[in-house]
file entry-v4.cif (mmCIF, C-alpha atoms and all ligand atoms)
data_input
#
loop_
_atom_site.label_atom_id
_atom_site.label_comp_id
_atom_site.auth_asym_id
_atom_site.auth_seq_id
_atom_site.Cartn_x
_atom_site.Cartn_y
_atom_site.Cartn_z
CA MET A 452 -16.92 -29.57 -22.77
CA LYS A 453 -18.93 -26.87 -24.46
CA GLU A 454 -17.61 -23.34 -24.33
CA SER A 455 -19.02 -20.70 -22.01
CA GLY A 456 -21.91 -18.80 -23.54
CA GLU A 457 -23.52 -22.03 -24.66
CA GLN A 458 -25.97 -24.17 -22.79
CA LYS A 459 -24.86 -27.05 -20.65
CA THR A 460 -26.45 -29.41 -18.19
CA LEU A 461 -24.75 -30.84 -15.12
CA SER A 462 -26.06 -33.69 -13.04
CA ALA A 463 -25.12 -34.79 -9.53
CA ARG A 464 -26.26 -37.36 -7.00
CA TRP A 465 -27.57 -34.46 -4.87
CA VAL A 466 -28.39 -30.95 -6.00
CA VAL A 467 -29.17 -28.56 -3.12
CA PRO A 468 -30.81 -25.47 -4.64
CA ILE A 469 -31.44 -23.73 -1.22
CA ASP A 470 -34.72 -22.28 -2.59
CA GLY A 471 -36.23 -25.76 -2.61
CA PRO A 472 -35.64 -29.26 -1.23
CA PRO A 473 -32.53 -31.25 -2.27
CA LEU A 474 -33.01 -33.18 -5.53
CA GLU A 475 -31.59 -36.70 -5.82
CA TRP A 476 -29.93 -37.03 -9.21
CA GLY A 477 -30.79 -33.43 -9.88
CA GLN A 478 -29.76 -31.44 -12.91
CA VAL A 479 -28.57 -27.85 -13.20
CA HIS A 480 -29.09 -26.20 -16.57
CA ILE A 481 -26.67 -23.40 -17.38
CA GLU A 482 -26.88 -20.80 -20.13
CA GLY A 483 -23.73 -18.71 -20.48
CA GLU A 484 -22.96 -17.30 -17.04
CA LYS A 485 -26.47 -17.79 -15.61
CA ILE A 486 -28.57 -20.62 -14.27
CA ALA A 487 -31.36 -21.54 -16.67
CA GLY A 488 -33.08 -23.89 -14.24
CA VAL A 489 -32.82 -26.83 -11.87
CA SER A 490 -34.76 -30.06 -12.31
CA LYS A 491 -34.94 -33.69 -11.38
CA ALA A 492 -33.21 -36.18 -13.66
CA GLY A 493 -35.07 -36.03 -16.93
CA THR A 494 -34.75 -36.57 -20.60
CA ILE A 495 -32.38 -33.67 -21.30
CA GLU A 496 -28.97 -34.85 -22.38
CA VAL A 497 -26.40 -34.34 -19.61
CA ASP A 498 -23.10 -32.73 -20.62
CA GLU A 499 -21.28 -33.48 -17.40
CA ASN A 500 -22.27 -36.05 -14.81
CA LEU A 501 -20.44 -35.13 -11.61
CA GLY A 502 -21.43 -38.41 -9.98
CA GLU A 503 -21.59 -39.11 -6.23
CA VAL A 504 -21.34 -35.50 -5.09
CA ILE A 505 -23.37 -32.79 -3.36
CA LEU A 506 -23.78 -29.73 -5.58
CA LEU A 507 -24.57 -26.34 -3.99
CA PRO A 508 -24.58 -22.66 -4.88
CA GLY A 509 -21.17 -21.06 -4.36
CA LEU A 510 -20.58 -20.36 -0.66
CA VAL A 511 -20.58 -16.89 0.90
CA ASN A 512 -18.08 -15.70 3.49
CA ALA A 513 -19.87 -12.60 4.77
CA HIS A 514 -17.03 -11.18 6.85
CA THR A 515 -13.29 -11.50 6.62
CA HIS A 516 -10.10 -9.43 6.53
CA LEU A 517 -8.09 -10.75 3.57
CA ASP A 518 -5.17 -8.45 4.39
CA LEU A 519 -4.61 -10.42 7.63
CA THR A 520 -4.07 -13.71 5.77
CA GLY A 521 -0.33 -13.45 6.50
CA PHE A 522 -0.84 -13.07 10.25
CA PRO A 523 1.79 -15.25 11.94
CA GLN A 524 -0.06 -18.12 13.61
CA GLU A 525 2.47 -18.27 16.48
CA ARG A 526 1.30 -14.78 17.54
CA LYS A 527 -2.22 -16.05 17.86
CA ASN A 528 -1.82 -17.53 21.34
CA GLY A 529 -3.75 -16.09 24.24
CA SER A 530 -7.11 -14.49 23.75
CA ASN A 531 -6.77 -11.33 25.85
CA PHE A 532 -8.51 -8.88 23.55
CA LEU A 533 -6.22 -5.88 24.12
CA GLU A 534 -3.05 -7.97 23.72
CA TRP A 535 -4.60 -9.39 20.58
CA ILE A 536 -5.22 -5.89 19.11
CA ASP A 537 -1.57 -5.10 19.95
CA SER A 538 -0.47 -8.10 17.91
CA VAL A 539 -2.67 -7.08 14.94
CA ILE A 540 -1.26 -3.54 15.02
CA ALA A 541 2.31 -4.91 15.22
CA HIS A 542 1.60 -7.19 12.26
CA ARG A 543 0.17 -4.36 10.16
CA MET A 544 3.11 -2.07 11.01
CA SER A 545 5.63 -4.71 9.96
CA THR A 546 3.88 -5.61 6.68
CA THR A 547 5.07 -3.87 3.51
CA PRO A 548 2.53 -2.89 0.81
CA SER A 549 3.77 -5.67 -1.49
CA GLN A 550 3.56 -8.25 1.32
CA MET A 551 0.01 -7.08 1.97
CA GLN A 552 -0.91 -7.70 -1.68
CA GLU A 553 0.61 -11.19 -1.42
CA HIS A 554 -1.48 -11.89 1.68
CA ILE A 555 -4.66 -10.67 0.00
CA GLN A 556 -3.98 -12.89 -3.02
CA LYS A 557 -3.36 -15.85 -0.73
CA GLY A 558 -6.69 -15.14 0.97
CA ILE A 559 -8.48 -15.02 -2.39
CA ASP A 560 -6.91 -18.36 -3.41
CA GLN A 561 -7.82 -19.99 -0.08
CA SER A 562 -11.40 -18.72 -0.36
CA LEU A 563 -11.90 -20.11 -3.87
CA LYS A 564 -10.42 -23.43 -2.79
CA ALA A 565 -13.02 -23.60 -0.01
CA GLY A 566 -15.93 -23.14 -2.46
CA VAL A 567 -16.48 -19.44 -1.71
CA CYS A 568 -17.78 -17.31 -4.61
CA LEU A 569 -18.84 -14.20 -2.69
CA ILE A 570 -16.96 -12.40 0.06
CA GLY A 571 -17.38 -9.46 2.42
CA ASP A 572 -13.86 -8.12 2.91
CA ILE A 573 -13.01 -5.44 5.46
CA SER A 574 -10.05 -3.78 3.83
CA ALA A 575 -7.50 -1.39 5.33
CA GLY A 576 -7.19 1.46 2.81
CA GLY A 577 -9.45 -0.50 0.42
CA HIS A 578 -6.26 -2.25 -0.71
CA SER A 579 -7.97 -5.50 -1.70
CA TRP A 580 -10.06 -3.82 -4.42
CA ASP A 581 -7.66 -4.29 -7.35
CA LEU A 582 -6.85 -7.96 -6.69
CA LEU A 583 -10.47 -8.82 -5.98
CA SER A 584 -11.64 -7.11 -9.16
CA GLN A 585 -9.07 -9.12 -11.14
CA SER A 586 -10.19 -12.36 -9.47
CA LYS A 587 -13.44 -14.17 -10.09
CA LEU A 588 -14.56 -13.65 -6.50
CA GLY A 589 -17.50 -11.25 -6.12
CA GLY A 590 -18.85 -9.40 -3.11
CA VAL A 591 -18.15 -6.19 -1.25
CA VAL A 592 -14.91 -4.44 -0.33
CA TYR A 593 -15.66 -2.48 2.83
CA PHE A 594 -13.17 0.38 3.21
CA GLU A 595 -12.14 0.31 6.87
CA LEU A 596 -12.54 3.65 8.66
CA LEU A 597 -10.50 4.19 11.83
CA GLY A 598 -10.16 7.37 13.89
CA LEU A 599 -11.53 8.37 17.27
CA LYS A 600 -9.52 11.59 17.44
CA ARG A 601 -10.61 14.43 15.23
CA ASP A 602 -7.44 14.59 13.08
CA ARG A 603 -7.31 10.81 12.49
CA ALA A 604 -11.01 10.72 11.65
CA GLN A 605 -10.50 13.51 9.10
CA MET A 606 -7.58 11.63 7.50
CA ALA A 607 -9.66 8.46 7.27
CA LEU A 608 -12.52 10.34 5.64
CA GLU A 609 -10.22 11.90 3.05
CA ALA A 610 -8.56 8.57 2.27
CA PHE A 611 -11.98 6.99 1.76
CA LEU A 612 -13.12 9.79 -0.57
CA SER A 613 -10.05 9.47 -2.77
CA TRP A 614 -10.46 5.64 -2.85
CA ILE A 615 -14.13 5.76 -3.83
CA GLU A 616 -13.31 8.23 -6.59
CA ARG A 617 -10.50 6.06 -7.94
CA ILE A 618 -12.22 2.67 -8.13
CA LYS A 619 -14.70 1.55 -10.74
CA PRO A 620 -17.64 -0.42 -9.29
CA GLN A 621 -18.14 -3.67 -11.14
CA ASP A 622 -21.07 -5.91 -11.80
CA CYS A 623 -20.08 -8.39 -9.09
CA LEU A 624 -17.86 -6.34 -6.80
CA SER A 625 -19.25 -3.36 -4.90
CA PRO A 626 -17.61 -0.77 -2.71
CA GLY A 627 -18.74 -0.57 0.90
CA VAL A 628 -17.67 1.13 4.07
CA SER A 629 -16.77 -0.19 7.52
CA PRO A 630 -16.66 2.21 10.44
CA HIS A 631 -14.49 -0.16 12.46
CA ALA A 632 -15.99 -0.19 15.98
CA PRO A 633 -17.39 2.21 18.62
CA TYR A 634 -14.01 2.41 20.38
CA SER A 635 -12.08 3.32 17.20
CA VAL A 636 -14.47 5.54 15.23
CA ARG A 637 -15.51 9.09 15.97
CA ILE A 638 -19.25 9.72 15.95
CA GLU A 639 -18.98 12.19 13.03
CA LEU A 640 -17.07 9.55 11.05
CA LEU A 641 -19.75 6.97 11.83
CA ASN A 642 -22.46 9.37 10.67
CA PHE A 643 -20.48 10.08 7.50
CA ALA A 644 -20.25 6.32 6.79
CA ILE A 645 -23.98 5.85 7.33
CA GLU A 646 -24.82 8.73 4.98
CA GLN A 647 -22.88 7.13 2.10
CA GLU A 648 -25.78 4.69 1.53
CA LEU A 649 -23.31 1.96 0.68
CA PRO A 650 -23.17 -1.58 2.08
CA LEU A 651 -21.85 -1.09 5.63
CA GLN A 652 -20.41 -3.43 8.25
CA MET A 653 -19.46 -2.48 11.80
CA HIS A 654 -17.94 -4.56 14.61
CA LEU A 655 -20.15 -4.02 17.65
CA ALA A 656 -20.39 -5.28 21.24
CA GLU A 657 -17.61 -7.79 20.68
CA THR A 658 -16.30 -7.84 24.27
CA LEU A 659 -17.33 -6.82 27.81
CA LEU A 660 -14.31 -4.49 27.78
CA GLU A 661 -15.97 -2.53 24.98
CA ILE A 662 -19.29 -2.39 26.88
CA GLU A 663 -17.49 -1.18 30.04
CA LEU A 664 -15.69 1.52 28.03
CA LEU A 665 -18.93 2.80 26.48
CA GLN A 666 -20.83 2.73 29.78
CA THR A 667 -18.20 4.21 32.12
CA ARG A 668 -15.56 5.82 29.80
CA LYS A 669 -13.07 4.16 32.15
CA GLY A 670 -11.40 0.78 32.65
CA PRO A 671 -8.64 -1.20 30.95
CA PHE A 672 -9.85 -0.37 27.41
CA ALA A 673 -9.80 3.40 28.13
CA ASP A 674 -6.31 3.04 29.69
CA TRP A 675 -5.12 1.12 26.62
CA LEU A 676 -6.47 3.80 24.21
CA ILE A 677 -4.89 6.59 26.29
CA ALA A 678 -1.53 4.77 26.29
CA LYS A 679 -1.73 4.50 22.50
CA ASN A 680 -2.56 8.22 22.27
CA VAL A 681 -5.75 7.48 20.28
CA TYR A 682 -8.39 8.26 22.92
CA ASP A 683 -10.84 11.13 22.71
CA GLU A 684 -13.82 10.75 25.00
CA SER A 685 -15.67 13.62 23.35
CA GLY A 686 -15.67 11.78 20.00
CA MET A 687 -17.06 8.48 21.25
CA VAL A 688 -20.67 7.40 20.61
CA PRO A 689 -22.91 7.64 23.70
CA SER A 690 -23.90 3.96 23.85
CA VAL A 691 -24.37 0.68 22.00
CA ARG A 692 -28.07 1.48 21.78
CA ASN A 693 -27.21 4.77 20.10
CA VAL A 694 -25.06 2.95 17.49
CA LEU A 695 -27.94 0.58 16.75
CA GLN A 696 -30.32 3.50 16.24
CA LEU A 697 -27.86 5.33 13.98
CA LEU A 698 -27.26 2.22 11.86
CA ASP A 699 -31.02 1.87 11.32
CA ARG A 700 -30.74 4.87 9.02
CA ASN A 701 -28.83 2.80 6.46
CA SER A 702 -30.83 -0.20 5.21
CA GLN A 703 -27.60 -1.88 4.01
CA SER A 704 -25.94 -1.84 7.43
CA VAL A 705 -24.83 -5.10 9.02
CA LEU A 706 -23.53 -5.72 12.54
CA VAL A 707 -20.53 -7.96 13.10
CA HIS A 708 -20.16 -10.14 16.24
CA GLY A 709 -22.73 -8.60 18.64
CA THR A 710 -21.46 -11.02 21.29
CA CYS A 711 -22.53 -8.88 24.28
CA LEU A 712 -25.89 -7.72 22.93
CA THR A 713 -28.78 -8.68 25.18
CA ASP A 714 -31.87 -6.87 23.91
CA PHE A 715 -33.31 -8.19 20.67
CA SER A 716 -36.78 -6.71 21.03
CA GLU A 717 -36.31 -3.65 18.84
CA LYS A 718 -36.09 -3.44 15.06
CA LYS A 719 -34.80 -6.62 13.40
CA LYS A 720 -31.12 -6.49 12.47
CA LYS A 721 -28.71 -8.18 10.14
CA LEU A 722 -25.65 -9.70 11.77
CA VAL A 723 -22.57 -11.65 10.78
CA TYR A 724 -21.56 -14.23 13.35
CA CYS A 725 -17.97 -15.53 13.18
CA PRO A 726 -18.27 -18.76 15.19
CA ARG A 727 -14.66 -19.88 15.60
CA THR A 728 -13.44 -16.34 16.23
CA HIS A 729 -16.12 -16.00 18.91
CA ASP A 730 -14.87 -19.22 20.43
CA PHE A 731 -11.28 -17.91 20.37
CA PHE A 732 -12.20 -14.93 22.58
CA ASN A 733 -15.14 -16.20 24.63
CA SER A 734 -16.10 -19.07 26.88
CA SER A 735 -19.81 -18.15 26.92
CA PRO A 736 -22.05 -19.07 24.00
CA HIS A 737 -23.02 -16.53 21.34
CA PRO A 738 -26.61 -15.20 21.56
CA MET A 739 -27.20 -16.13 17.90
CA PRO A 740 -30.18 -18.48 18.67
CA GLN A 741 -31.98 -15.65 20.53
CA MET A 742 -31.27 -13.33 17.61
CA LEU A 743 -32.75 -15.88 15.19
CA SER A 744 -35.86 -16.22 17.37
CA ALA A 745 -36.26 -12.44 17.28
CA GLY A 746 -36.23 -12.60 13.46
CA TRP A 747 -32.70 -11.32 12.91
CA GLU A 748 -31.03 -12.28 9.63
CA ILE A 749 -27.78 -14.13 10.37
CA ALA A 750 -24.90 -15.02 8.06
CA LEU A 751 -21.56 -16.58 8.92
CA GLY A 752 -18.07 -15.24 8.39
CA THR A 753 -14.60 -16.51 9.07
CA ASP A 754 -13.18 -13.16 10.22
CA GLY A 755 -9.45 -12.80 9.51
CA LEU A 756 -6.64 -15.24 10.12
CA SER A 757 -5.56 -13.24 13.17
CA SER A 758 -8.35 -14.95 15.13
CA ASN A 759 -9.23 -18.00 13.02
CA PRO A 760 -7.35 -21.01 11.62
CA ASP A 761 -8.54 -20.72 7.98
CA LEU A 762 -10.92 -19.00 5.54
CA ASN A 763 -13.17 -22.03 5.11
CA VAL A 764 -16.73 -20.83 5.76
CA LEU A 765 -18.09 -24.41 5.59
CA SER A 766 -15.96 -25.14 8.68
CA GLU A 767 -17.81 -22.32 10.43
CA ALA A 768 -21.13 -23.94 9.50
CA ARG A 769 -19.89 -27.33 10.76
CA PHE A 770 -18.82 -25.66 14.02
CA VAL A 771 -22.33 -24.16 14.41
CA ARG A 772 -23.88 -27.58 13.67
CA ALA A 773 -21.91 -29.09 16.56
CA LYS A 774 -22.43 -26.16 18.94
CA PHE A 775 -26.16 -25.52 18.39
CA PRO A 776 -27.93 -28.86 17.85
CA GLN A 777 -31.30 -27.09 18.17
CA LEU A 778 -30.79 -25.46 14.75
CA SER A 779 -31.69 -27.33 11.58
CA SER A 780 -29.03 -28.08 8.99
CA ASP A 781 -31.04 -26.17 6.40
CA GLN A 782 -31.06 -23.08 8.63
CA ILE A 783 -27.28 -23.29 9.00
CA LEU A 784 -26.64 -23.87 5.30
CA ARG A 785 -28.65 -20.74 4.49
CA MET A 786 -26.22 -18.75 6.67
CA ILE A 787 -23.36 -19.53 4.26
CA THR A 788 -25.40 -19.16 1.06
CA ILE A 789 -28.54 -17.05 0.61
CA ASN A 790 -28.33 -15.13 3.93
CA GLY A 791 -24.70 -14.24 3.26
CA ALA A 792 -25.63 -13.01 -0.23
CA ALA A 793 -28.49 -10.96 1.25
CA LEU A 794 -26.22 -9.31 3.84
CA LEU A 795 -23.81 -8.40 1.03
CA CYS A 796 -26.79 -6.92 -0.88
CA ALA A 797 -26.17 -9.43 -3.69
CA ASP A 798 -28.95 -12.02 -3.28
CA ARG A 799 -30.79 -11.00 -6.44
CA LYS A 800 -28.02 -12.70 -8.43
CA ASN A 801 -26.36 -15.04 -5.92
CA GLY A 802 -26.90 -17.41 -3.03
CA SER A 803 -29.21 -20.03 -4.52
CA LEU A 804 -29.63 -22.11 -7.67
CA MET A 805 -32.50 -20.11 -9.06
CA ARG A 806 -33.15 -19.40 -12.73
CA GLY A 807 -31.56 -16.07 -13.70
CA LYS A 808 -28.93 -16.06 -10.95
CA TYR A 809 -25.23 -16.48 -11.70
CA ALA A 810 -24.03 -20.02 -12.31
CA ASN A 811 -21.86 -19.96 -9.19
CA LEU A 812 -21.56 -23.52 -7.91
CA CYS A 813 -19.42 -25.73 -5.77
CA TYR A 814 -19.49 -29.44 -5.08
CA PHE A 815 -18.27 -31.87 -2.47
CA PRO A 816 -17.85 -35.64 -2.51
CA ILE A 817 -20.40 -37.56 -0.45
CA ASP A 818 -18.92 -38.62 2.90
CA LEU A 819 -19.68 -42.31 3.23
CA ASN A 820 -19.38 -42.10 7.04
CA ALA A 821 -21.89 -39.24 7.42
CA PRO A 822 -25.72 -39.35 7.21
CA VAL A 823 -27.34 -39.89 3.81
CA GLU A 824 -29.42 -36.69 3.84
CA PRO A 825 -27.18 -34.36 1.76
CA VAL A 826 -27.10 -31.23 3.94
CA GLU A 827 -26.48 -33.32 7.06
CA ASN A 828 -23.85 -35.24 5.11
CA LEU A 829 -22.04 -32.01 4.39
CA LEU A 830 -22.30 -30.50 7.88
CA LEU A 831 -21.49 -33.68 9.79
CA GLY A 832 -18.88 -34.91 7.32
CA ASN A 833 -15.36 -33.63 6.77
CA GLN A 834 -15.02 -33.59 2.99
CA SER A 835 -13.35 -30.67 1.20
CA CYS A 836 -14.61 -28.77 -1.83
CA SER A 837 -13.85 -30.58 -5.10
CA ARG A 838 -14.42 -27.78 -7.59
CA VAL A 839 -15.93 -24.30 -7.96
CA MET A 840 -17.75 -22.76 -10.92
CA ILE A 841 -18.05 -18.99 -11.21
CA HIS A 842 -20.24 -17.38 -13.86
CA GLY A 843 -20.57 -20.67 -15.72
CA LYS A 844 -16.83 -21.46 -15.81
CA TRP A 845 -15.02 -24.03 -13.72
CA MET A 846 -12.15 -22.50 -11.81
ZN ZN B 1 -13.64 -8.52 11.74
#

call {"tool": "encode", "arguments": {"input": "entry-v4.cif", "output": "structure tokens"}}
result
Amino acid sequence: MKESGEQKTLSARWVVPIDGPPLEWGQVHIEGEKIAGVSKAGTIEVDENLGEVILLPGLVNAHTHLDLTGFPQERKNGSNFLEWIDSVIAHRMSTTPSQMQEHIQKGIDQSLKAGVCLIGDISAGGHSWDLLSQSKLGGVVYFELLGLKRDRAQMALEAFLSWIERIKPQDCLSPGVSPHAPYSVRIELLNFAIEQELPLQMHLAETLLEIELLQTRKGPFADWLIAKNVYDESGMVPSVRNVLQLLDRNSQSVLVHGTCLTDFSEKKKKLVYCPRTHDFFNSSPHPMPQMLSAGWEIALGTDGLSSNPDLNVLSEARFVRAKFPQLSSDQILRMITINGAALLCADRKNGSLMRGKYANLCYFPIDLNAPVEPVENLLLGNQSCSRVMIHGKWM
């Protein structure tokens, strides 16, 4: 094969550019680390014929927690939200810094194996930055901010400032910030995060317990926070509506979950939906179809392994295909490609096979038992990713 930096042409039974219809026996022309174009089979000499496969842009996992990749699966039984947070805290307390780095690396490896080229990682202490910057995976590392009490909020702010000063933003990996959730972040800390004008993700309206806490300042969630000695009513945001209005001040802000949101009439939002994690905690369906009808931009994420079986974002898309038959396959595929790239503020260079974007690709064998149409074949089949290319180089 020719060396990177040169031109090469790949062909595949199906090429799915996302920006246009699938091409049967399509060709992808690559120049160095970028895509030079996509075309139907033509007269250009093909360097590598991938054969009976479906070729796509590299997938995007818009929301995960790589540092939870080592979460013991036996702890993941029962979906009581407060017990679940207890188990996440216990896991984090018992994990050494070197174990955490091992878990992050494992998460990176699993992601690449699943065809993911871009990731939105919520990172405790920003600890995934170094490993992600050494890997080929691009995306955003969102420094997780936690602290409802004044002193904890101040410590979180200082830790973030020293992190952002230490790291060197890279072409394909950007720093971001994640004020964790309304029940764990003081309003001043949330405002600080919004003012940074960085990519921002915030868990919001994930459970009815959270809604009850915000509305009444009482109930099991308040009792749980008091027992943990982390509650400060005076620091909590007034309401979900207030959080939504505050987040509107940062054009790069993205909501995560939004399970209990009911009003979609106001300004259009961007939201990451984590389908199998939602299913783990909830018996009622997610309001994602109503959000789509209201014009919201939706991408999919796996969330961390504390609430999900794996980091395979295509499995999330397949889950959505089965759960919401009213959505088209193309709509769903966009949620793990171009929409994900857009929510990570990286769609100018990622998310579709367009000339000038990075040559980030993945391909899957055709499932002979699934429909012929390539996107349906992928979403209704059960094939795994064969190979991933990042910046013009096969991994
Ligand atoms: Zn999450």

call {"tool": "residues_near_ligand", "arguments": {"input": "entry-v4.cif", "ligand": "ligand ZN 1 (chain B)", "cutoff": "7 Å", "atoms": "only C-alpha atoms and all ligand atoms", "output": "PyMOL selection string"}}
result
chain A and resi 514-516+654+754-755

call {"tool": "closest_residue", "arguments": {"input": "entry-v4.cif", "among": "A:Ile749, A:Ile662, A:Met739, A:Ile505", "to": "A:Gln834", "atoms": "all atoms listed in the file"}}
result
A:Ile505

call {"tool": "atom_distance", "arguments": {"input": "entry-v4.cif", "atom1": "atom CA of A:Val489", "atom2": "atom CA of A:Leu501"}}
result
14.9 Å

call {"tool": "closest_residue", "arguments": {"input": "entry-v4.cif", "among": "A:Ile495, A:Leu756, A:Leu612, A:Ile469", "to": "A:Ile783", "atoms": "all atoms listed in the file"}}
result
A:Ile469

call {"tool": "residues_around", "arguments": {"input": "entry-v4.cif", "residues": "A:Leu506", "least_positions_apart": "2", "cutoff": "12 Å", "atoms": "all atoms listed in the file", "output": "MDAnalysis selection string"}}
result
chainID A and resid 461:469 473:479 489 500:504 508:510 566 803:804 810:817 825:826 829 836:840

call {"tool": "residues_around", "arguments": {"input": "entry-v4.cif", "residues": "A:Ala604", "least_positions_apart": "3", "cutoff": "10 Å", "atoms": "all atoms listed in the file", "output": "list of chain:residue names"}}
result
A:Leu596, A:Leu597, A:Gly598, A:Leu599, A:Lys600, A:Arg601, A:Ala607, A:Leu608, A:Glu609, A:Ala610, A:Ser635, A:Val636, A:Arg637, A:Ile638, A:Glu639, A:Leu640, A:Leu641, A:Gly686

call {"tool": "closest_residue", "arguments": {"input": "entry-v4.cif", "among": "A:Pro740, A:Gly832, A:Pro650, A:Pro760", "to": "A:Asn701", "atoms": "all atoms listed in the file"}}
result
A:Pro650

call {"tool": "axis_aligned_box", "arguments": {"input": "entry-v4.cif", "around": "stretch 466-471 of chain A", "padding_each_side": "8 Å", "output": "JSON"}}
result
{"center_x": -32.3, "center_y": -26.6, "center_z": -3.6, "size_x": 23.8, "size_y": 24.7, "size_z": 20.8}

call {"tool": "atom_distance", "arguments": {"input": "entry-v4.cif", "atom1": "atom CA of A:Ala793", "atom2": "atom CA of A:Asp818"}}
result
29.3 Å

call {"tool": "atom_distance", "arguments": {"input": "entry-v4.cif", "atom1": "atom CA of A:Met742", "atom2": "atom CA of A:Lys719"}}
result
8.7 Å

call {"tool": "closest_residue", "arguments": {"input": "entry-v4.cif", "among": "A:Gly627, A:Gly558, A:Gly746, A:Pro776", "to": "A:Gly590", "atoms": "all atoms listed in the file"}}
result
A:Gly627

call {"tool": "closest_residue", "arguments": {"input": "entry-v4.cif", "among": "A:Ser545, A:Asn763, A:Ala632, A:Ala821", "to": "A:Val567", "atoms": "all atoms listed in the file"}}
result
A:Asn763

call {"tool": "residues_near_point", "arguments": {"input": "entry-v4.cif", "point": "(-0.4, -15.1, 10.1)", "cutoff": "10 Å", "atoms": "only C-alpha atoms", "output": "list of chain:residue names"}}
result
A:Asp518, A:Leu519, A:Thr520, A:Gly521, A:Phe522, A:Pro523, A:Gln524, A:Glu525, A:Arg526, A:Lys527, A:Val539, A:His542, A:His554, A:Gly755, A:Leu756, A:Ser757, A:Ser758, A:Asn759, A:Pro760

call {"tool": "write_last_selection", "arguments": {"input": "entry-v4.cif", "atoms": "C-alpha atoms", "output": "PDB file, keeping the file's coordinate frame"}}
result
ATOM      1  CA  ASP A 518      -5.170  -8.450   4.390  1.00  0.00           C
ATOM      2  CA  LEU A 519      -4.610 -10.420   7.630  1.00  0.00           C
ATOM      3  CA  THR A 520      -4.070 -13.710   5.770  1.00  0.00           C
ATOM      4  CA  GLY A 521      -0.330 -13.450   6.500  1.00  0.00           C
ATOM      5  CA  PHE A 522      -0.840 -13.070  10.250  1.00  0.00           C
ATOM      6  CA  PRO A 523       1.790 -15.250  11.940  1.00  0.00           C
ATOM      7  CA  GLN A 524      -0.060 -18.120  13.610  1.00  0.00           C
ATOM      8  CA  GLU A 525       2.470 -18.270  16.480  1.00  0.00           C
ATOM      9  CA  ARG A 526       1.300 -14.780  17.540  1.00  0.00           C
ATOM     10  CA  LYS A 527      -2.220 -16.050  17.860  1.00  0.00           C
ATOM     11  CA  VAL A 539      -2.670  -7.080  14.940  1.00  0.00           C
ATOM     12  CA  HIS A 542       1.600  -7.190  12.260  1.00  0.00           C
ATOM     13  CA  HIS A 554      -1.480 -11.890   1.680  1.00  0.00           C
ATOM     14  CA  GLY A 755      -9.450 -12.800   9.510  1.00  0.00           C
ATOM     15  CA  LEU A 756      -6.640 -15.240  10.120  1.00  0.00           C
ATOM     16  CA  SER A 757      -5.560 -13.240  13.170  1.00  0.00           C
ATOM     17  CA  SER A 758      -8.350 -14.950  15.130  1.00  0.00           C
ATOM     18  CA  ASN A 759      -9.230 -18.000  13.020  1.00  0.00           C
ATOM     19  CA  PRO A 760      -7.350 -21.010  11.620  1.00  0.00           C
TER      20      PRO A 760
END

call {"tool": "residues_around", "arguments": {"input": "entry-v4.cif", "residues": "A:Pro738", "least_positions_apart": "3", "cutoff": "9 Å", "atoms": "all atoms listed in the file", "output": "PDB file with C-alpha atoms, keeping the file's coordinate frame"}}
result
ATOM      1  CA  GLY A 709     -22.730  -8.600  18.640  1.00  0.00           C
ATOM      2  CA  THR A 710     -21.460 -11.020  21.290  1.00  0.00           C
ATOM      3  CA  CYS A 711     -22.530  -8.880  24.280  1.00  0.00           C
ATOM      4  CA  LEU A 712     -25.890  -7.720  22.930  1.00  0.00           C
ATOM      5  CA  THR A 713     -28.780  -8.680  25.180  1.00  0.00           C
ATOM      6  CA  GLN A 741     -31.980 -15.650  20.530  1.00  0.00           C
ATOM      7  CA  MET A 742     -31.270 -13.330  17.610  1.00  0.00           C
ATOM      8  CA  LEU A 743     -32.750 -15.880  15.190  1.00  0.00           C
TER       9      LEU A 743
END
